[in-house]
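Raw contents of query30.pdb, PDB, C-alpha atoms:
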```pdb
ATOM      1  CA  MET A   1     119.819 148.593  30.598
ATOM      2  CA  LYS A   2     123.402 149.055  31.684
ATOM      3  CA  ASN A   3     124.709 151.599  34.206
ATOM      4  CA  LEU A   4     121.969 150.985  36.740
ATOM      5  CA  ALA A   5     124.630 151.105  39.474
ATOM      6  CA  GLU A   6     125.474 154.661  38.385
ATOM      7  CA  LEU A   7     121.794 155.528  38.541
ATOM      8  CA  ARG A   8     121.628 154.312  42.148
ATOM      9  CA  LYS A   9     124.436 156.706  43.067
ATOM     10  CA  ILE A  10     122.605 159.546  41.319
ATOM     11  CA  LYS A  11     119.532 158.714  43.363
ATOM     12  CA  GLU A  12     121.502 158.913  46.612
ATOM     13  CA  ARG A  13     122.969 162.277  45.647
ATOM     14  CA  ALA A  14     119.536 163.610  44.684
ATOM     15  CA  LEU A  15     118.092 162.537  48.030
ATOM     16  CA  GLN A  16     120.967 164.202  49.897
ATOM     17  CA  ARG A  17     120.441 167.438  47.979
ATOM     18  CA  ARG A  18     116.784 167.326  48.786
ATOM     19  CA  GLN A  19     117.486 167.030  52.506
ATOM     20  CA  LEU A  20     119.777 170.062  52.303
ATOM     21  CA  SER A  21     117.633 172.386  50.261
ATOM     22  CA  GLY A  22     114.084 171.113  50.669
ATOM     23  CA  THR A  23     111.889 169.970  47.810
ATOM     24  CA  GLU A  24     111.080 173.414  46.399
ATOM     25  CA  ALA A  25     112.830 174.233  43.137
ATOM     26  CA  ARG A  26     114.400 177.684  42.926
ATOM     27  CA  ALA A  27     113.284 178.246  39.360
ATOM     28  CA  ARG A  28     111.209 176.642  36.654
ATOM     29  CA  VAL A  29     112.062 176.761  32.948
ATOM     30  CA  THR A  30     109.400 175.794  30.406
ATOM     31  CA  VAL A  31     109.998 175.314  26.678
ATOM     32  CA  ALA A  32     106.995 175.506  24.326
ATOM     33  CA  MET A  33     107.143 172.402  22.156
ATOM     34  CA  GLY A  34     104.005 172.240  20.073
ATOM     35  CA  THR A  35     104.305 171.483  16.351
ATOM     36  CA  CYS A  36     105.220 175.134  15.752
ATOM     37  CA  GLY A  37     107.855 175.128  18.496
ATOM     38  CA  ILE A  38     109.495 171.936  17.285
ATOM     39  CA  ALA A  39     109.583 173.258  13.716
ATOM     40  CA  ALA A  40     111.204 176.475  14.938
ATOM     41  CA  GLY A  41     113.946 174.546  16.718
ATOM     42  CA  ALA A  42     112.592 174.165  20.272
ATOM     43  CA  ARG A  43     114.345 170.832  20.588
ATOM     44  CA  GLU A  44     117.751 172.451  20.095
ATOM     45  CA  THR A  45     116.681 175.126  22.582
ATOM     46  CA  MET A  46     115.778 172.438  25.104
ATOM     47  CA  LYS A  47     119.102 170.688  24.525
ATOM     48  CA  ALA A  48     121.040 173.913  25.074
ATOM     49  CA  ILE A  49     119.108 174.698  28.262
ATOM     50  CA  LEU A  50     119.686 171.232  29.707
ATOM     51  CA  ALA A  51     123.383 171.380  28.798
ATOM     52  CA  GLU A  52     123.820 174.801  30.398
ATOM     53  CA  ILE A  53     122.021 173.735  33.570
ATOM     54  CA  GLU A  54     124.119 170.597  33.813
ATOM     55  CA  GLN A  55     127.380 172.384  33.099
ATOM     56  CA  ARG A  56     126.712 175.039  35.727
ATOM     57  CA  GLN A  57     125.334 172.480  38.198
ATOM     58  CA  LEU A  58     122.050 174.361  38.627
ATOM     59  CA  LYS A  59     120.475 171.415  40.401
ATOM     60  CA  ASP A  60     117.584 173.408  41.843
ATOM     61  CA  VAL A  61     116.220 174.399  38.433
ATOM     62  CA  VAL A  62     113.363 172.327  37.033
ATOM     63  CA  VAL A  63     112.935 172.080  33.254
ATOM     64  CA  THR A  64     109.652 171.170  31.641
ATOM     65  CA  GLN A  65     107.759 171.735  28.402
ATOM     66  CA  THR A  66     104.352 172.785  27.218
ATOM     67  CA  GLY A  67     102.395 172.798  23.957
ATOM     68  CA  CYS A  68     101.546 175.626  21.561
ATOM     69  CA  ILE A  69     100.569 178.809  23.412
ATOM     70  CA  GLY A  70      99.252 180.586  20.321
ATOM     71  CA  LEU A  71     102.295 182.793  19.716
ATOM     72  CA  CYS A  72     103.792 180.672  16.969
ATOM     73  CA  GLU A  73     105.577 183.622  15.349
ATOM     74  CA  TYR A  74     107.750 184.034  18.459
ATOM     75  CA  GLU A  75     108.823 180.377  18.640
ATOM     76  CA  PRO A  76     110.977 178.968  20.106
ATOM     77  CA  LEU A  77     109.387 180.327  23.298
ATOM     78  CA  VAL A  78     110.801 179.839  26.778
ATOM     79  CA  LYS A  79     109.121 180.683  30.087
ATOM     80  CA  ILE A  80     111.116 181.272  33.246
ATOM     81  CA  GLN A  81     109.650 181.508  36.706
ATOM     82  CA  VAL A  82     111.927 182.322  39.605
ATOM     83  CA  GLY A  83     110.487 181.380  42.964
ATOM     84  CA  ALA A  84     106.968 182.714  43.405
ATOM     85  CA  GLU A  85     107.478 185.622  40.969
ATOM     86  CA  GLU A  86     105.259 186.111  37.925
ATOM     87  CA  PRO A  87     106.630 183.967  35.075
ATOM     88  CA  THR A  88     108.111 185.688  32.024
ATOM     89  CA  TRP A  89     107.981 184.472  28.414
ATOM     90  CA  TYR A  90     110.971 184.989  26.137
ATOM     91  CA  GLY A  91     110.651 184.800  22.336
ATOM     92  CA  LYS A  92     112.811 183.521  19.482
ATOM     93  CA  ILE A  93     115.096 181.695  21.870
ATOM     94  CA  ASP A  94     117.356 179.585  19.688
ATOM     95  CA  ALA A  95     120.121 177.400  21.144
ATOM     96  CA  ALA A  96     122.644 180.254  21.393
ATOM     97  CA  ARG A  97     120.162 182.614  23.052
ATOM     98  CA  ALA A  98     118.982 179.830  25.363
ATOM     99  CA  ALA A  99     122.424 179.438  26.926
ATOM    100  CA  THR A 100     122.727 183.218  27.382
ATOM    101  CA  LEU A 101     119.219 183.431  28.833
ATOM    102  CA  ILE A 102     119.990 180.778  31.470
ATOM    103  CA  VAL A 103     123.228 182.512  32.442
ATOM    104  CA  LYS A 104     121.715 186.000  32.618
ATOM    105  CA  ARG A 105     118.430 185.130  34.284
ATOM    106  CA  LEU A 106     119.361 182.199  36.537
ATOM    107  CA  VAL A 107     123.084 182.584  37.225
ATOM    108  CA  ALA A 108     123.486 186.371  37.275
ATOM    109  CA  GLY A 109     119.860 186.960  38.296
ATOM    110  CA  GLU A 110     119.372 189.855  35.858
ATOM    111  CA  PRO A 111     116.213 190.599  33.856
ATOM    112  CA  VAL A 112     116.473 190.056  30.085
ATOM    113  CA  PRO A 113     113.973 192.612  28.732
ATOM    114  CA  GLU A 114     115.255 192.504  25.131
ATOM    115  CA  TRP A 115     113.825 189.007  24.579
ATOM    116  CA  GLU A 116     110.686 189.300  26.678
ATOM    117  CA  VAL A 117     107.342 188.708  25.006
ATOM    118  CA  LYS A 118     104.889 190.999  26.744
ATOM    119  CA  THR A 119     101.636 189.797  25.243
ATOM    120  CA  ALA A 120     101.909 186.236  26.497
ATOM    121  CA  LYS A 121      99.900 185.116  29.464
TER     122      LYS A 121
ATOM    123  CA  MET B   1     107.499 170.270   1.529
ATOM    124  CA  THR B   2     107.052 169.802   5.180
ATOM    125  CA  VAL B   3     108.020 172.013   8.080
ATOM    126  CA  PHE B   4     110.123 169.342   9.773
ATOM    127  CA  ARG B   5     113.694 168.876   8.702
ATOM    128  CA  ASP B   6     114.178 165.426  10.141
ATOM    129  CA  LEU B   7     112.155 162.403  11.168
ATOM    130  CA  SER B   8     112.849 162.697  14.870
ATOM    131  CA  GLN B   9     110.860 165.950  14.856
ATOM    132  CA  HIS B  10     107.887 164.014  13.474
ATOM    133  CA  ILE B  11     108.394 161.382  16.155
ATOM    134  CA  LEU B  12     108.295 164.008  18.909
ATOM    135  CA  ASP B  13     105.144 165.497  17.426
ATOM    136  CA  ILE B  14     103.331 162.148  17.242
ATOM    137  CA  TYR B  15     104.521 161.334  20.761
ATOM    138  CA  GLU B  16     102.733 164.447  22.010
ATOM    139  CA  ASN B  17      99.484 163.184  20.482
ATOM    140  CA  GLY B  18      99.815 160.100  22.672
ATOM    141  CA  VAL B  19     100.419 162.247  25.744
ATOM    142  CA  LYS B  20      97.369 164.359  24.942
ATOM    143  CA  ALA B  21      95.329 161.178  24.612
ATOM    144  CA  GLY B  22      96.159 160.439  28.242
ATOM    145  CA  ALA B  23      98.631 157.611  27.656
ATOM    146  CA  THR B  24     100.631 156.263  30.595
ATOM    147  CA  LEU B  25     102.953 154.217  28.378
ATOM    148  CA  ILE B  26     104.207 155.074  24.900
ATOM    149  CA  THR B  27     106.366 152.757  22.841
ATOM    150  CA  VAL B  28     108.659 154.249  20.215
ATOM    151  CA  ASP B  29     110.130 151.716  17.829
ATOM    152  CA  ILE B  30     112.625 152.567  15.100
ATOM    153  CA  GLU B  31     113.740 149.864  12.726
ATOM    154  CA  GLU B  32     116.448 150.511  10.177
ATOM    155  CA  ASP B  33     116.417 147.523   7.860
ATOM    156  CA  LEU B  34     119.112 148.018   5.254
ATOM    157  CA  GLN B  35     118.623 144.507   3.886
ATOM    158  CA  GLN B  36     115.065 145.368   2.835
ATOM    159  CA  ASP B  37     115.911 149.043   2.254
ATOM    160  CA  LEU B  38     113.229 150.050   4.742
ATOM    161  CA  LEU B  39     112.983 152.435   7.660
ATOM    162  CA  THR B  40     109.970 151.885   9.881
ATOM    163  CA  ILE B  41     108.870 154.123  12.734
ATOM    164  CA  THR B  42     106.101 152.910  15.030
ATOM    165  CA  LEU B  43     104.575 154.741  17.977
ATOM    166  CA  CYS B  44     102.111 152.928  20.154
ATOM    167  CA  ASP B  45     100.256 154.507  23.060
ATOM    168  CA  ASN B  46      97.739 153.230  25.597
ATOM    169  CA  GLY B  47      95.728 156.456  25.609
ATOM    170  CA  ALA B  48      92.066 157.115  24.919
ATOM    171  CA  GLY B  49      92.146 156.055  21.257
ATOM    172  CA  MET B  50      89.890 157.401  18.507
ATOM    173  CA  ASP B  51      86.686 156.382  16.816
ATOM    174  CA  ALA B  52      86.364 155.679  13.098
ATOM    175  CA  GLU B  53      85.142 159.188  12.278
ATOM    176  CA  MET B  54      88.052 160.862  13.997
ATOM    177  CA  LEU B  55      90.465 158.470  12.262
ATOM    178  CA  GLN B  56      89.035 159.415   8.892
ATOM    179  CA  HIS B  57      89.573 163.093   9.548
ATOM    180  CA  ILE B  58      92.971 162.809  11.064
ATOM    181  CA  ALA B  59      95.017 162.786   7.876
ATOM    182  CA  ASP B  60      93.151 165.719   6.363
ATOM    183  CA  PRO B  61      94.865 168.958   7.377
ATOM    184  CA  TRP B  62      91.934 171.164   6.363
ATOM    185  CA  VAL B  63      89.392 169.262   8.365
ATOM    186  CA  THR B  64      91.616 168.711  11.385
ATOM    187  CA  THR B  65      92.855 172.254  11.756
ATOM    188  CA  ARG B  66      89.334 173.621  11.662
ATOM    189  CA  THR B  67      87.323 171.154  13.690
ATOM    190  CA  THR B  68      89.690 169.138  15.806
ATOM    191  CA  ARG B  69      92.409 171.555  16.723
ATOM    192  CA  LYS B  70      93.947 169.184  19.229
ATOM    193  CA  VAL B  71      95.209 166.948  16.468
ATOM    194  CA  GLY B  72      96.854 169.653  14.409
ATOM    195  CA  LEU B  73      99.046 169.258  11.345
ATOM    196  CA  GLY B  74     101.493 166.720  12.702
ATOM    197  CA  ILE B  75      99.860 163.611  11.257
ATOM    198  CA  PRO B  76      99.253 164.962   7.729
ATOM    199  CA  PHE B  77     102.898 166.055   7.580
ATOM    200  CA  PHE B  78     104.167 162.684   8.710
ATOM    201  CA  LYS B  79     101.920 160.842   6.241
ATOM    202  CA  GLN B  80     102.982 163.071   3.383
ATOM    203  CA  THR B  81     106.665 162.565   4.176
ATOM    204  CA  ALA B  82     106.301 158.767   4.244
ATOM    205  CA  GLU B  83     104.324 158.631   1.011
ATOM    206  CA  MET B  84     106.767 160.969  -0.710
ATOM    207  CA  CYS B  85     109.576 158.536   0.111
ATOM    208  CA  GLY B  86     108.114 155.326  -1.308
ATOM    209  CA  GLY B  87     106.696 154.314   2.051
ATOM    210  CA  ASN B  88     103.387 153.802   3.770
ATOM    211  CA  PHE B  89     101.493 155.377   6.606
ATOM    212  CA  ALA B  90      98.863 153.841   8.850
ATOM    213  CA  ILE B  91      97.041 154.619  12.062
ATOM    214  CA  HIS B  92      95.166 151.996  14.016
ATOM    215  CA  SER B  93      93.009 153.058  16.887
ATOM    216  CA  GLN B  94      89.865 152.248  18.802
ATOM    217  CA  PRO B  95      88.242 154.101  21.656
ATOM    218  CA  GLY B  96      89.756 152.805  24.872
ATOM    219  CA  GLN B  97      92.353 150.761  23.012
ATOM    220  CA  GLY B  98      95.081 153.336  22.407
ATOM    221  CA  THR B  99      96.588 154.343  19.084
ATOM    222  CA  THR B 100      99.338 152.912  16.901
ATOM    223  CA  THR B 101     100.916 155.143  14.284
ATOM    224  CA  GLN B 102     103.293 153.617  11.773
ATOM    225  CA  ALA B 103     105.269 155.257   8.990
ATOM    226  CA  SER B 104     107.656 153.487   6.676
ATOM    227  CA  PHE B 105     110.132 154.908   4.200
ATOM    228  CA  GLN B 106     112.336 153.546   1.452
ATOM    229  CA  TYR B 107     115.606 153.767   3.364
ATOM    230  CA  SER B 108     117.685 154.930   0.423
ATOM    231  CA  HIS B 109     115.029 157.260  -1.056
ATOM    232  CA  ILE B 110     116.638 160.533  -2.046
ATOM    233  CA  ASP B 111     113.889 162.569  -0.364
ATOM    234  CA  ARG B 112     113.906 160.627   2.881
ATOM    235  CA  PRO B 113     114.756 163.059   5.698
ATOM    236  CA  PRO B 114     117.503 161.917   8.057
ATOM    237  CA  LEU B 115     116.461 160.478  11.413
ATOM    238  CA  GLY B 116     118.069 163.490  13.062
ATOM    239  CA  ASP B 117     118.999 163.921  16.683
ATOM    240  CA  VAL B 118     117.079 161.060  18.252
ATOM    241  CA  ALA B 119     118.926 161.297  21.581
ATOM    242  CA  THR B 120     117.751 164.887  22.110
ATOM    243  CA  THR B 121     114.265 164.008  20.904
ATOM    244  CA  VAL B 122     113.892 161.208  23.429
ATOM    245  CA  THR B 123     115.321 163.465  26.135
ATOM    246  CA  CYS B 124     112.648 166.043  25.264
ATOM    247  CA  MET B 125     109.955 163.378  25.603
ATOM    248  CA  ILE B 126     111.146 162.529  29.099
ATOM    249  CA  VAL B 127     111.680 166.163  30.168
ATOM    250  CA  GLY B 128     108.308 167.213  28.876
ATOM    251  CA  TYR B 129     106.254 164.353  30.193
ATOM    252  CA  PRO B 130     108.061 162.720  33.095
ATOM    253  CA  GLN B 131     104.760 161.220  34.222
ATOM    254  CA  VAL B 132     104.500 159.096  31.043
ATOM    255  CA  ASP B 133     106.539 155.911  30.707
ATOM    256  CA  LEU B 134     108.556 155.518  27.534
ATOM    257  CA  TYR B 135     109.815 152.319  26.006
ATOM    258  CA  TYR B 136     112.290 153.179  23.269
ATOM    259  CA  HIS B 137     113.516 150.446  20.968
ATOM    260  CA  HIS B 138     115.996 151.012  18.142
ATOM    261  CA  HIS B 139     116.876 148.112  15.890
ATOM    262  CA  LEU B 140     119.301 148.072  12.982
ATOM    263  CA  ILE B 141     119.632 145.297  10.432
ATOM    264  CA  GLY B 142     122.794 146.013   8.491
ATOM    265  CA  LEU B 143     124.192 144.690   5.264
ATOM    266  CA  THR B 144     127.506 143.571   6.719
ATOM    267  CA  SER B 145     128.427 141.697   9.869
ATOM    268  CA  PRO B 146     127.429 142.141  12.659
ATOM    269  CA  ALA B 147     124.076 142.181  10.982
ATOM    270  CA  GLU B 148     121.977 143.352  13.945
ATOM    271  CA  GLU B 149     122.338 146.036  16.536
ATOM    272  CA  GLU B 150     119.832 147.029  19.178
ATOM    273  CA  PHE B 151     119.310 149.682  21.835
ATOM    274  CA  ILE B 152     116.530 149.806  24.407
ATOM    275  CA  LEU B 153     115.684 152.457  26.955
ATOM    276  CA  ASP B 154     112.799 151.764  29.309
ATOM    277  CA  THR B 155     111.894 154.501  31.777
ATOM    278  CA  ARG B 156     110.052 151.917  33.885
ATOM    279  CA  GLU B 157     113.439 150.334  34.647
ATOM    280  CA  VAL B 158     114.862 153.739  35.553
ATOM    281  CA  ARG B 159     111.866 154.512  37.744
ATOM    282  CA  ALA B 160     112.221 151.172  39.510
ATOM    283  CA  VAL B 161     115.711 152.220  40.628
ATOM    284  CA  LEU B 162     114.760 155.801  41.504
ATOM    285  CA  GLY B 163     111.663 154.943  43.479
ATOM    286  CA  ASN B 164     109.054 157.555  44.285
ATOM    287  CA  GLU B 165     111.380 160.077  45.891
ATOM    288  CA  VAL B 166     113.462 161.067  42.856
ATOM    289  CA  PRO B 167     111.620 162.060  39.655
ATOM    290  CA  LEU B 168     112.869 161.482  36.102
ATOM    291  CA  SER B 169     112.987 165.263  35.762
ATOM    292  CA  ASP B 170     115.820 165.553  38.300
ATOM    293  CA  PRO B 171     118.627 167.374  36.413
ATOM    294  CA  GLU B 172     121.235 164.743  37.195
ATOM    295  CA  VAL B 173     118.904 161.919  36.176
ATOM    296  CA  LEU B 174     118.231 163.711  32.884
ATOM    297  CA  GLY B 175     121.966 164.043  32.316
ATOM    298  CA  PHE B 176     122.337 160.318  32.934
ATOM    299  CA  LEU B 177     119.512 159.511  30.510
ATOM    300  CA  ARG B 178     120.967 161.746  27.827
ATOM    301  CA  ASN B 179     124.411 160.176  28.182
ATOM    302  CA  THR B 180     122.894 156.686  28.068
ATOM    303  CA  LEU B 181     120.969 157.569  24.903
ATOM    304  CA  GLU B 182     123.914 159.189  23.178
ATOM    305  CA  ALA B 183     126.247 156.305  24.033
ATOM    306  CA  GLY B 184     123.676 153.679  23.060
ATOM    307  CA  LEU B 185     122.637 155.297  19.798
ATOM    308  CA  SER B 186     126.201 156.053  18.716
ATOM    309  CA  GLY B 187     126.651 152.274  18.683
ATOM    310  CA  ILE B 188     123.915 151.953  16.055
ATOM    311  CA  THR B 189     125.430 152.976  12.756
ATOM    312  CA  PRO B 190     124.087 151.900   9.380
ATOM    313  CA  HIS B 191     126.519 149.510   7.700
TER     314      HIS B 191
END
```

So, in terms of structure tokens, how does the structure I just supplied come out?
Amino acid sequence: MKNLAELRKIKERALQRRQLSGTEARARVTVAMGTCGIAAGARETMKAILAEIEQRQLKDVVVTQTGCIGLCEYEPLVKIQVGAEEPTWYGKIDAARAATLIVKRLVAGEPVPEWEVKTAK
Amino acid sequence: MTVFRDLSQHILDIYENGVKAGATLITVDIEEDLQQDLLTITLCDNGAGMDAEMLQHIADPWVTTRTTRKVGLGIPFFKQTAEMCGGNFAIHSQPGQGTTTQASFQYSHIDRPPLGDVATTVTCMIVGYPQVDLYYHHHLIGLTSPAEEEFILDTREVRAVLGNEVPLSDPEVLGFLRNTLEAGLSGITPH
């Protein structure tokens, strides 16, 4: 693989950040990517979320994924947990909504009740 | 008809089977052989593997959805897509020996779905399962010179640089991986 020198610099920056802010992430974003999620476009949702986080330099936000949660009709589904708060699921989050969701919830810090899915655990 | 619009969605789905089987290393191999008019996708994991009975059931959507929900519809869809496109589908597995899933397609078949956004797909694999190592190999055999092109991404190499302190899921590391994938795969164009 090329660019391993660049990767070493990224490692140094990540370690510096960690010393400044501690290891705890400020927020956690989870995209449901079971067969149903992928078919509904969860991959594009994931791409949009990663792009938005990178563009806005939200380096304390951790992104992960999970499988089918049994709410296939609301896919693509995204869960956001800020700090120790109760996590919230958001439904039908396509790429365009994903970018808006990140900005509203994690940059502006506002709730986004219009896309919330109440029945999810 | 299948629910997936492109092959990289199938690849992501099969990858998740490997993760669920407890794999620590999954190999994804894509070979575009224009000389033989063949596209071959192979996923190989070192997970728990399956016994003969499970293997028999795995391609049957009615059996699998009702009795072995973990497996789901992914494999029947992938098999159907391959067979619809003049290709073949095979799964080899043994308990404790991992699983190899291979699908081939007539490259030029009119019904063959495009590969799709492989860079995003591989990024999703790493984001979703940063604990699993991924060896991605993409090989193109073209009709005109230069005949062969190749791209490899091995998360074990990345991890060796990052050490234990910085995970693959670090946002800046993910950005680096995505750029590496996009740059590398843009160099592989059928010709």

Show me, as CSV, the residues of chain A having an atom within 10 Å of chain B, each with the closest atom pair and its distance in Å, using only C-alpha atoms.
```
residue,atom,partner,partner_atom,distance
A:Met1,CA,B:Leu153,CA,6.7
A:Lys2,CA,B:Thr180,CA,8.5
A:Asn3,CA,B:Thr180,CA,8.2
A:Leu4,CA,B:Val161,CA,7.5
A:Ala5,CA,B:Val161,CA,9.1
A:Glu6,CA,B:Phe176,CA,8.5
A:Leu7,CA,B:Val161,CA,7.2
A:Arg8,CA,B:Val161,CA,6.5
A:Lys9,CA,B:Leu162,CA,9.8
A:Ile10,CA,B:Val173,CA,6.8
A:Lys11,CA,B:Leu162,CA,5.9
A:Glu12,CA,B:Leu162,CA,9.0
A:Arg13,CA,B:Glu172,CA,9.0
A:Ala14,CA,B:Val166,CA,6.8
A:Leu15,CA,B:Val166,CA,7.1
A:Arg18,CA,B:Val166,CA,9.2
A:Thr30,CA,B:Gly128,CA,8.8
A:Val31,CA,B:Gly128,CA,8.6
A:Ala32,CA,B:Gly128,CA,9.5
A:Met33,CA,B:Gly128,CA,8.6
A:Gly34,CA,B:Asp13,CA,7.3
A:Thr35,CA,B:Asp13,CA,6.1
A:Cys36,CA,B:Val3,CA,8.7
A:Ile38,CA,B:Gln9,CA,6.6
A:Ala39,CA,B:Phe4,CA,5.6
A:Ala40,CA,B:Val3,CA,8.8
A:Gly41,CA,B:Gln9,CA,9.3
A:Ala42,CA,B:Cys124,CA,9.5
A:Arg43,CA,B:Thr121,CA,6.8
A:Glu44,CA,B:Thr120,CA,7.8
A:Met46,CA,B:Cys124,CA,7.1
A:Lys47,CA,B:Thr120,CA,6.4
A:Leu50,CA,B:Pro171,CA,7.8
A:Ala51,CA,B:Gly175,CA,8.3
A:Ile53,CA,B:Pro171,CA,7.8
A:Glu54,CA,B:Pro171,CA,6.9
A:Gln55,CA,B:Gly175,CA,10.0
A:Gln57,CA,B:Pro171,CA,8.6
A:Leu58,CA,B:Pro171,CA,8.1
A:Lys59,CA,B:Pro171,CA,6.0
A:Asp60,CA,B:Pro171,CA,8.2
A:Val61,CA,B:Pro171,CA,7.7
A:Val62,CA,B:Ser169,CA,7.2
A:Val63,CA,B:Val127,CA,6.8
A:Thr64,CA,B:Gly128,CA,5.0
A:Gln65,CA,B:Gly128,CA,4.6
A:Thr66,CA,B:Gly128,CA,7.0
A:Gly67,CA,B:Glu16,CA,8.6
```

Hey, can you check how far atom CA of B:Ala59 sits from atom CA of B:Asp29?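 Taking atom CA of B:Ala59 and atom CA of B:Asp29, their separation equals 21.2 Å.
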
Which protein, DNA or RNA residues have an atom at most 6 Å from (114.0, 156.4, 20.7), counting all atoms listed in the file? List them as an NGL selection string. :B and (28 or 122 or 136-137)

Test item: which residues lie within 9 Å of (122.0, 178.3, 27.7) counting all atoms listed in the file, as an NGL selection string: :A and (45-53 or 95-103)

Just give me the gap between atom CA of A:Pro76 and atom CA of A:Tyr90 in Å, one decimal is fine.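 Between these atoms lies a distance of 8.5 Å.
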
Determine the nearest neighbour of A:Tyr74 from the options A:Arg56, A:Arg17, A:Arg105, A:Lys118, counting only C-alpha atoms.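 Closest to A:Tyr74, using only C-alpha atoms: A:Lys118.
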
What's the 7 Å shell around B:Gln94, counting only C-alpha atoms, without same-chain residues fewer than 4 positions away, as a ChimeraX atom specification? /B:49-51,98

Which neighbours of stretch 31-41 of chain B fall inside 8 Å, counting all atoms listed in the file, when residues of the same chain fewer than 3 positions from it are skipped, and could you give them as a ChimeraX atom specification? /B:28,102-108,138-143,190-191

Which distance in Å separates atom CA of B:Gly47 and atom CA of B:Gly22, to one decimal?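 For atom CA of B:Gly47 relative to atom CA of B:Gly22, the distance reads 4.8 Å.
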
Within 10 Å of A:Val117, counting all atoms listed in the file, which residues qualify if same-chain residues fewer than 5 places away don't, as a PyMOL selection string? chain A and resi 71+74+77-79+88-92
